[in-house]
Amino acid sequence: MDLKEIIESTIINNSTHRHYEHVTKLSQKYRAFITNEPITTKDRDGKSKEEYPLNQYLRQFVRREDDDLFEQRKNLTKHYTPSICAQIMKPFNKVIRSNRVVKLIDHKDANVVNDLEETLVKFYGESDNNGVDQFLSERFLPLTFTDPNAWLWITFNPFDGKKEKPQTFPIEYSSEAVVNYEIKNDKTNWVIVKLLYEFQKKDNSNDKAERFLIFGDMDTIEYKLIPEDIKEPFVKANDVIWVHPNTKRKYAVYTYNHKSNRVPLMRVGYRKDIFTKSETFVNPFHYEAMPLLEQFIKVSSELQLSITLHAFPKQVSYVSVCEAKGCNGGKLSDGIAECLACKGTGKKVHTTSADIQEIPMPKRPEDMVDVSGISTYVPFPGGVMEFLDRYADKLEDKIMRKVFNSESIVQVQFNSATEATFDMDSVYDTLHPFGDKFSEVWMFFVKLTVLYRNYKDVIIWHKFPSDLKLKSLKQLLEELKTANDSGASSYIRESINNDIADIIYADDQSERAKLAIKNKHFPFSGKTDFEIQNIIMNNLTTQYKQILYANFDSIFDDLENENQGFYDMTYVKQKDLIKAKVDLIITEINSSKVKTLDLDLKIA
C-alpha cells in the first residue's frame, strides 16, 4: 500500500469518503441542538447580527405564515434544547466518576509503572490527576454527543532519544477535517486529514493554506502547500517537492516514522449509524431523542410566540374615518404626503392611555350608551396557552424516558425497591456501551504511550462493571429495608450496606477503605441487631466472637493509636493484632470472675 499515491490521488481529485457529507451534516445538527452557539453575520447595511443555528430547523407554516412573520417568530424564539441535552448528558458523567472501575497499569519493575503514571499525568491538562482521565472527561464525553465521527490522534513532540523518552498527548480531528479513510473488517488501514495553516504574505497580511496528512501503520506523511506569495519560505534545500499535475501548485512532502504498527487514530463514536450500514456513528441519543427534539423546538417556538403576541387582550373597537382637515384615506390633498393625525391609516383610532375617548354625559338616563358596544377587549383563550405549556413539558419528559427507557430519570418515587431496581437496569443498558467505549479509548491511549516509551510486558486494563451502582441513597435504603423485612440472606444485606457506604464516603476514599477493612473483621457481617442478639442469647457462637462484637469499636480505636499504618498491614497481621486484643479482654474478664468467686467463698 503506497500512502503517497493515495494522498496524491485525494488531493488531485479533491475526493472524500462516501459518507463525508452525511457525517459533517450530522455534526452540525448535533452542535446546533446541544450548544446553539450563535454565529455572527452582517446584514445588508453592514450591521453585525447573531444568527442561531437552531433557527434553520424551524419550519414555516406556509398557509398562515408569510416570510416576515416567520422571521419574526425566529427572532422571538429562545431555544431550550441545549438545557434538555445537558440533562441527557449528565448521567453519562456518573459512569466516568464511578469508583468501581477496574484500572490497572502493572509491570514487574515498579520504576516503569511510576514513569508511566508520571507521563499520563502530563498527557493532558495541568492538574495532578491522570491526564488521560481528564481528557476523556473534558473532551471525549462532549465529542461523543457533538461529533461521534471525529478522530483522536496520539502523538508526541520531537525528542532526543539519547536523553529522554517521548511525552504523548492527544489531538482531535473533526469529522469535517477527516476527508478520507479506509476501513476493512473494522480495521483502519489509513486516514487522510485536511487542515489549514497560517502564513504571512509578502504584503505582511496573513492568509491560510492547506496541508494534508495521511496516517498509516508505520508512517505519517504530510503534504504542505507552498504559497506563491509567502513572505518567508519554509522549504529547505533537501525537502521533497510534489507538483500538482493540474494546478501546478507545489507541496512540500515530509515523512514521519511513528512505528506504531497500527494507525494511531481512533474514532470517538460507539453507536453505529443504521443509515450508513454501520460504517459511521451517531450520538447516543440520536434515534430516541432527535425526532422529539425537533418537535420540541416547534412547540416551544409556538408557545413563546403565543405568550409574546397574546399575553395581553386584544382590543376590538368601532373605528371612525379620520376627520383631520385635508385627510383623504390617510393621504393629504396632494395624494403623496401622509396625514399626521392618523399616520396614513385614514382611521380614527384610540391608541394610548393618554388618548382618552370622551363621551358626553347625556341629560336623560335612557340615553346612556353601553360603551362595551363601542369598544371591547377579547382575551386570548387561556386553554390554548395551557395546552402548549403542558405539551412542551410532556415532550421534555418523554425525551428523557426514551433515551434511558426509564422512569427514574424523571421521578424518584417507586412502588417498591424491586421496581426501582428494574428501572435502573434500563439506565445501565444505555450507559454501559458508553463505559465500554471509554475503557477502549483509555487503553488505546495508554498502550500507545507504553509503545512510544519503549516498554515491554506492561499489563494494561480498564473495565467498568456491568452494574454501575448508580442508585440513589434513598433507593438503597428502601432496598435494605425490604431485604430486612423479607428475611433476605445476610450476604445480600451486606452488599447493599457496602453500596450505601460507597455513596456516603464517595469523597473520602481513605475512610471508605478503613470501613471496608473493619467489615472484613466484623464477626457478624450482614446480620441485623436482632439476629446478632438471638445468636448470642442462645450461645450459637464462640466467646471470641461475642467479645469482639461487644468491644469492636474500642478495639479498633486502640489498634489505630498503637500501630501506625494499621490499615496498610496485611489481613493476616491485622487479624493477629485483633486476636491479641480480644484474648487480653477475655483474660481480664476471666480474672475478674475468679476474684469475684474467691470473694463470695470468703463471705460464705
# chains A, B, ... in the order shown; residues from 1 in each chain; ligands from 1

$ select_by_dssp --residues "range 19-226 of chain A" --states "alpha helix (DSSP H)" --output "JSON list (two decimals) with N, CA and C atoms, in the first residue's frame"
[["chain", "number", "residue", "atom", "x", "y", "z"],
["A", 20, "TYR", "N", -18.91, 11.43, 3.76],
["A", 20, "TYR", "CA", -18.38, 12.69, 4.29],
["A", 20, "TYR", "C", -19.49, 13.72, 4.52],
["A", 21, "GLU", "N", -20.31, 13.95, 3.51],
["A", 21, "GLU", "CA", -21.37, 14.95, 3.64],
["A", 21, "GLU", "C", -22.36, 14.58, 4.74],
["A", 22, "HIS", "N", -22.64, 13.30, 4.87],
["A", 22, "HIS", "CA", -23.59, 12.84, 5.88],
["A", 22, "HIS", "C", -23.07, 13.09, 7.30],
["A", 23, "VAL", "N", -21.83, 12.72, 7.57],
["A", 23, "VAL", "CA", -21.30, 12.85, 8.93],
["A", 23, "VAL", "C", -21.07, 14.30, 9.31],
["A", 24, "THR", "N", -20.68, 15.15, 8.35],
["A", 24, "THR", "CA", -20.47, 16.56, 8.66],
["A", 24, "THR", "C", -21.79, 17.26, 8.96],
["A", 25, "LYS", "N", -22.84, 16.91, 8.21],
["A", 25, "LYS", "CA", -24.15, 17.49, 8.48],
["A", 25, "LYS", "C", -24.68, 17.03, 9.83],
["A", 26, "LEU", "N", -24.43, 15.77, 10.16],
["A", 26, "LEU", "CA", -24.84, 15.27, 11.48],
["A", 26, "LEU", "C", -24.17, 16.06, 12.60],
["A", 27, "SER", "N", -22.87, 16.30, 12.46],
["A", 27, "SER", "CA", -22.14, 17.04, 13.47],
["A", 27, "SER", "C", -22.69, 18.46, 13.62],
["A", 28, "GLN", "N", -22.97, 19.11, 12.51],
["A", 28, "GLN", "CA", -23.54, 20.46, 12.57],
["A", 28, "GLN", "C", -24.89, 20.45, 13.28],
["A", 29, "LYS", "N", -25.68, 19.43, 13.00],
["A", 29, "LYS", "CA", -27.01, 19.33, 13.63],
["A", 29, "LYS", "C", -26.87, 19.09, 15.12],
["A", 30, "TYR", "N", -25.98, 18.17, 15.52],
["A", 30, "TYR", "CA", -25.79, 17.88, 16.94],
["A", 30, "TYR", "C", -25.33, 19.12, 17.69],
["A", 31, "ARG", "N", -24.37, 19.85, 17.12],
["A", 31, "ARG", "CA", -23.86, 21.05, 17.79],
["A", 31, "ARG", "C", -24.95, 22.11, 17.92],
["A", 32, "ALA", "N", -25.82, 22.20, 16.92],
["A", 32, "ALA", "CA", -26.91, 23.17, 16.99],
["A", 32, "ALA", "C", -27.83, 22.84, 18.15],
["A", 33, "PHE", "N", -28.22, 21.59, 18.27],
["A", 33, "PHE", "CA", -29.17, 21.21, 19.33],
["A", 33, "PHE", "C", -28.53, 21.20, 20.71],
["A", 34, "ILE", "N", -27.24, 20.91, 20.79],
["A", 34, "ILE", "CA", -26.59, 20.79, 22.10],
["A", 34, "ILE", "C", -26.03, 22.12, 22.59],
["A", 67, "ASP", "N", -43.21, 35.19, 4.95],
["A", 67, "ASP", "CA", -41.77, 35.24, 5.26],
["A", 67, "ASP", "C", -41.48, 36.19, 6.42],
["A", 68, "ASP", "N", -42.17, 37.35, 6.45],
["A", 68, "ASP", "CA", -41.93, 38.33, 7.51],
["A", 68, "ASP", "C", -42.36, 37.78, 8.87],
["A", 69, "LEU", "N", -43.52, 37.12, 8.90],
["A", 69, "LEU", "CA", -43.99, 36.56, 10.17],
["A", 69, "LEU", "C", -43.08, 35.42, 10.63],
["A", 70, "PHE", "N", -42.59, 34.63, 9.68],
["A", 70, "PHE", "CA", -41.68, 33.55, 10.04],
["A", 70, "PHE", "C", -40.37, 34.10, 10.60],
["A", 71, "GLU", "N", -39.87, 35.17, 10.00],
["A", 71, "GLU", "CA", -38.66, 35.81, 10.50],
["A", 71, "GLU", "C", -38.90, 36.38, 11.89],
["A", 72, "GLN", "N", -40.10, 36.93, 12.09],
["A", 72, "GLN", "CA", -40.45, 37.45, 13.42],
["A", 72, "GLN", "C", -40.45, 36.33, 14.45],
["A", 73, "ARG", "N", -41.01, 35.17, 14.09],
["A", 73, "ARG", "CA", -41.05, 34.04, 15.03],
["A", 73, "ARG", "C", -39.64, 33.57, 15.38],
["A", 74, "LYS", "N", -38.75, 33.54, 14.41],
["A", 74, "LYS", "CA", -37.36, 33.12, 14.69],
["A", 74, "LYS", "C", -36.68, 34.10, 15.65],
["A", 75, "ASN", "N", -36.97, 35.39, 15.49],
["A", 75, "ASN", "CA", -36.36, 36.39, 16.36],
["A", 75, "ASN", "C", -36.90, 36.31, 17.78],
["A", 76, "LEU", "N", -38.16, 35.91, 17.91],
["A", 76, "LEU", "CA", -38.78, 35.84, 19.23],
["A", 76, "LEU", "C", -38.42, 34.56, 19.99],
["A", 81, "THR", "N", -33.46, 23.55, 23.87],
["A", 81, "THR", "CA", -32.93, 22.20, 23.68],
["A", 81, "THR", "C", -31.52, 22.02, 24.27],
["A", 82, "PRO", "N", -30.65, 23.05, 24.31],
["A", 82, "PRO", "CA", -29.36, 22.83, 24.97],
["A", 82, "PRO", "C", -29.49, 22.40, 26.42],
["A", 83, "SER", "N", -30.49, 22.93, 27.14],
["A", 83, "SER", "CA", -30.67, 22.53, 28.53],
["A", 83, "SER", "C", -31.19, 21.10, 28.62],
["A", 84, "ILE", "N", -32.05, 20.69, 27.68],
["A", 84, "ILE", "CA", -32.54, 19.31, 27.67],
["A", 84, "ILE", "C", -31.39, 18.36, 27.35],
["A", 85, "CYS", "N", -30.58, 18.72, 26.36],
["A", 85, "CYS", "CA", -29.42, 17.88, 26.01],
["A", 85, "CYS", "C", -28.44, 17.78, 27.17],
["A", 86, "ALA", "N", -28.29, 18.86, 27.92],
["A", 86, "ALA", "CA", -27.40, 18.82, 29.08],
["A", 86, "ALA", "C", -27.92, 17.83, 30.12],
["A", 87, "GLN", "N", -29.24, 17.77, 30.27],
["A", 87, "GLN", "CA", -29.84, 16.80, 31.19],
["A", 87, "GLN", "C", -29.62, 15.37, 30.71],
["A", 88, "ILE", "N", -29.68, 15.16, 29.39],
["A", 88, "ILE", "CA", -29.44, 13.83, 28.84],
["A", 88, "ILE", "C", -27.99, 13.40, 29.09],
["A", 89, "MET", "N", -27.06, 14.34, 28.93],
["A", 89, "MET", "CA", -25.64, 14.02, 29.05],
["A", 89, "MET", "C", -25.19, 13.82, 30.50],
["A", 90, "LYS", "N", -25.93, 14.41, 31.44],
["A", 90, "LYS", "CA", -25.49, 14.38, 32.84],
["A", 90, "LYS", "C", -25.30, 12.97, 33.40],
["A", 91, "PRO", "N", -26.22, 12.01, 33.19],
["A", 91, "PRO", "CA", -25.99, 10.66, 33.74],
["A", 91, "PRO", "C", -24.73, 9.99, 33.21],
["A", 92, "PHE", "N", -24.27, 10.38, 32.02],
["A", 92, "PHE", "CA", -23.05, 9.77, 31.48],
["A", 92, "PHE", "C", -21.82, 10.18, 32.30],
["A", 93, "ASN", "N", -21.89, 11.32, 32.98],
["A", 93, "ASN", "CA", -20.80, 11.73, 33.86],
["A", 93, "ASN", "C", -20.64, 10.77, 35.04],
["A", 94, "LYS", "N", -21.76, 10.14, 35.44],
["A", 94, "LYS", "CA", -21.70, 9.22, 36.57],
["A", 94, "LYS", "C", -20.86, 7.99, 36.23],
["A", 95, "VAL", "N", -20.85, 7.61, 34.96],
["A", 95, "VAL", "CA", -20.01, 6.49, 34.54],
["A", 95, "VAL", "C", -18.54, 6.84, 34.75],
["A", 96, "ILE", "N", -18.17, 8.04, 34.33],
["A", 96, "ILE", "CA", -16.78, 8.48, 34.44],
["A", 96, "ILE", "C", -16.36, 8.57, 35.91],
["A", 97, "ARG", "N", -17.29, 9.01, 36.77],
["A", 97, "ARG", "CA", -16.95, 9.20, 38.19],
["A", 97, "ARG", "C", -17.03, 7.91, 39.01],
["A", 110, "ALA", "N", 8.76, -1.67, 39.32],
["A", 110, "ALA", "CA", 7.93, -0.58, 39.85],
["A", 110, "ALA", "C", 8.31, 0.77, 39.25],
["A", 111, "ASN", "N", 9.57, 0.94, 38.86],
["A", 111, "ASN", "CA", 10.01, 2.21, 38.26],
["A", 111, "ASN", "C", 9.31, 2.45, 36.92],
["A", 112, "VAL", "N", 9.03, 1.38, 36.18],
["A", 112, "VAL", "CA", 8.32, 1.51, 34.90],
["A", 112, "VAL", "C", 6.91, 2.03, 35.15],
["A", 113, "VAL", "N", 6.24, 1.46, 36.14],
["A", 113, "VAL", "CA", 4.88, 1.88, 36.48],
["A", 113, "VAL", "C", 4.88, 3.35, 36.91],
["A", 114, "ASN", "N", 5.83, 3.73, 37.75],
["A", 114, "ASN", "CA", 5.91, 5.12, 38.21],
["A", 114, "ASN", "C", 6.16, 6.08, 37.05],
["A", 115, "ASP", "N", 7.04, 5.68, 36.13],
["A", 115, "ASP", "CA", 7.32, 6.53, 34.97],
["A", 115, "ASP", "C", 6.09, 6.70, 34.10],
["A", 116, "LEU", "N", 5.35, 5.63, 33.88],
["A", 116, "LEU", "CA", 4.14, 5.72, 33.07],
["A", 116, "LEU", "C", 3.07, 6.58, 33.74],
["A", 117, "GLU", "N", 2.93, 6.44, 35.05],
["A", 117, "GLU", "CA", 1.94, 7.24, 35.76],
["A", 117, "GLU", "C", 2.29, 8.74, 35.69],
["A", 118, "GLU", "N", 3.58, 9.07, 35.80],
["A", 118, "GLU", "CA", 4.00, 10.46, 35.67],
["A", 118, "GLU", "C", 3.77, 10.98, 34.25],
["A", 119, "THR", "N", 4.00, 10.12, 33.25],
["A", 119, "THR", "CA", 3.78, 10.51, 31.86],
["A", 119, "THR", "C", 2.29, 10.78, 31.60],
["A", 120, "LEU", "N", 1.43, 9.94, 32.16],
["A", 120, "LEU", "CA", -0.01, 10.09, 31.94],
["A", 120, "LEU", "C", -0.57, 11.31, 32.66],
["A", 121, "VAL", "N", 0.07, 11.73, 33.75],
["A", 121, "VAL", "CA", -0.37, 12.97, 34.41],
["A", 121, "VAL", "C", -0.18, 14.16, 33.48],
["A", 131, "GLY", "N", -3.91, 12.46, 33.34],
["A", 131, "GLY", "CA", -4.30, 13.30, 32.22],
["A", 131, "GLY", "C", -5.21, 12.61, 31.22],
["A", 132, "VAL", "N", -5.10, 11.27, 31.12],
["A", 132, "VAL", "CA", -5.98, 10.52, 30.23],
["A", 132, "VAL", "C", -7.42, 10.62, 30.73],
["A", 133, "ASP", "N", -7.60, 10.41, 32.04],
["A", 133, "ASP", "CA", -8.94, 10.53, 32.62],
["A", 133, "ASP", "C", -9.49, 11.93, 32.44],
["A", 134, "GLN", "N", -8.64, 12.94, 32.60],
["A", 134, "GLN", "CA", -9.08, 14.31, 32.46],
["A", 134, "GLN", "C", -9.52, 14.61, 31.03],
["A", 135, "PHE", "N", -8.75, 14.15, 30.06],
["A", 135, "PHE", "CA", -9.11, 14.37, 28.66],
["A", 135, "PHE", "C", -10.43, 13.67, 28.32],
["A", 141, "LEU", "N", -16.15, 12.95, 26.26],
["A", 141, "LEU", "CA", -17.59, 12.91, 26.55],
["A", 141, "LEU", "C", -18.38, 13.87, 25.67],
["A", 142, "PRO", "N", -18.04, 15.17, 25.60],
["A", 142, "PRO", "CA", -18.82, 16.04, 24.70],
["A", 142, "PRO", "C", -18.70, 15.68, 23.23],
["A", 143, "LEU", "N", -17.51, 15.19, 22.79],
["A", 143, "LEU", "CA", -17.35, 14.79, 21.39],
["A", 143, "LEU", "C", -18.25, 13.60, 21.05],
["A", 144, "THR", "N", -18.49, 12.73, 22.01],
["A", 144, "THR", "CA", -19.38, 11.59, 21.78],
["A", 144, "THR", "C", -20.76, 12.05, 21.34],
["A", 145, "PHE", "N", -21.17, 13.20, 21.86],
["A", 145, "PHE", "CA", -22.51, 13.72, 21.56],
["A", 145, "PHE", "C", -22.50, 14.70, 20.38],
["A", 146, "THR", "N", -21.46, 15.52, 20.26],
["A", 146, "THR", "CA", -21.47, 16.56, 19.23],
["A", 146, "THR", "C", -20.84, 16.13, 17.92]]

$ residues_around --residues "Arg267 in chain A" --least-positions-apart "6" --cutoff "10 Å" --atoms "only C-alpha atoms" --output "PyMOL selection string"
chain A and resi 144+147-153+172-175+188+280-281+441

$ closest_atom_pairs --of "range 10-89 of chain A" --to "range 189-200 of chain A" --cutoff "10 Å" --atoms "only C-alpha atoms" --output "JSON lines"
{"residue": "A:Thr10", "atom": "CA", "partner": "A:Ile192", "partner_atom": "CA", "distance": 8.5}
{"residue": "A:Ile11", "atom": "CA", "partner": "A:Lys194", "partner_atom": "CA", "distance": 9.4}
{"residue": "A:Thr16", "atom": "CA", "partner": "A:Ile192", "partner_atom": "CA", "distance": 9.1}
{"residue": "A:His17", "atom": "CA", "partner": "A:Ile192", "partner_atom": "CA", "distance": 9.7}

$ write_last_selection --atoms "N, CA, C and O atoms" --output "mmCIF file, in the first residue's frame"
data_model
loop_
_atom_site.group_PDB
_atom_site.id
_atom_site.type_symbol
_atom_site.label_atom_id
_atom_site.label_comp_id
_atom_site.auth_asym_id
_atom_site.auth_seq_id
_atom_site.Cartn_x
_atom_site.Cartn_y
_atom_site.Cartn_z
ATOM 1 N N THR A 10 -6.104 11.794 -3.612
ATOM 2 C CA THR A 10 -7.113 12.553 -2.871
ATOM 3 C C THR A 10 -6.981 14.046 -3.153
ATOM 4 O O THR A 10 -7.991 14.739 -3.347
ATOM 5 N N ILE A 11 -5.746 14.551 -3.198
ATOM 6 C CA ILE A 11 -5.524 15.980 -3.459
ATOM 7 C C ILE A 11 -5.914 16.336 -4.897
ATOM 8 O O ILE A 11 -6.604 17.334 -5.133
ATOM 9 N N THR A 16 -13.371 12.704 -1.253
ATOM 10 C CA THR A 16 -13.692 12.458 0.163
ATOM 11 C C THR A 16 -14.300 11.067 0.274
ATOM 12 O O THR A 16 -14.695 10.456 -0.721
ATOM 13 N N HIS A 17 -14.385 10.579 1.490
ATOM 14 C CA HIS A 17 -15.042 9.280 1.678
ATOM 15 C C HIS A 17 -16.538 9.442 1.404
ATOM 16 O O HIS A 17 -17.103 10.527 1.471
#

$ residues_around --residues "Glu50 in chain A" --least-positions-apart "3" --cutoff "9 Å" --atoms "only C-alpha atoms" --output "PyMOL selection string"
chain A and resi 38-42

$ closest_residue --among "A:Asn484, A:Ala501, A:Leu584, A:Lys575" --to "Asp529 in chain A" --atoms "only C-alpha atoms"
A:Asn484

$ select_by_dssp --residues "range 112-323 of chain A" --states "strand (DSSP E)" --output "NGL selection string"
:A and (151-156 or 168-173 or 178-184 or 187-200 or 206-215 or 219-225 or 240-243 or 250-257 or 265-267 or 271-272 or 281-282 or 314-317 or 320-321)

$ residues_around --residues "range 521-528 of chain A" --least-positions-apart "5" --cutoff "8 Å" --atoms "only C-alpha atoms" --output "list in words"
Asn484, Ser490, Tyr491, Ile492, Arg493, Glu494, Lys545, Leu548, Tyr549, Phe552 and Lys575 of chain A
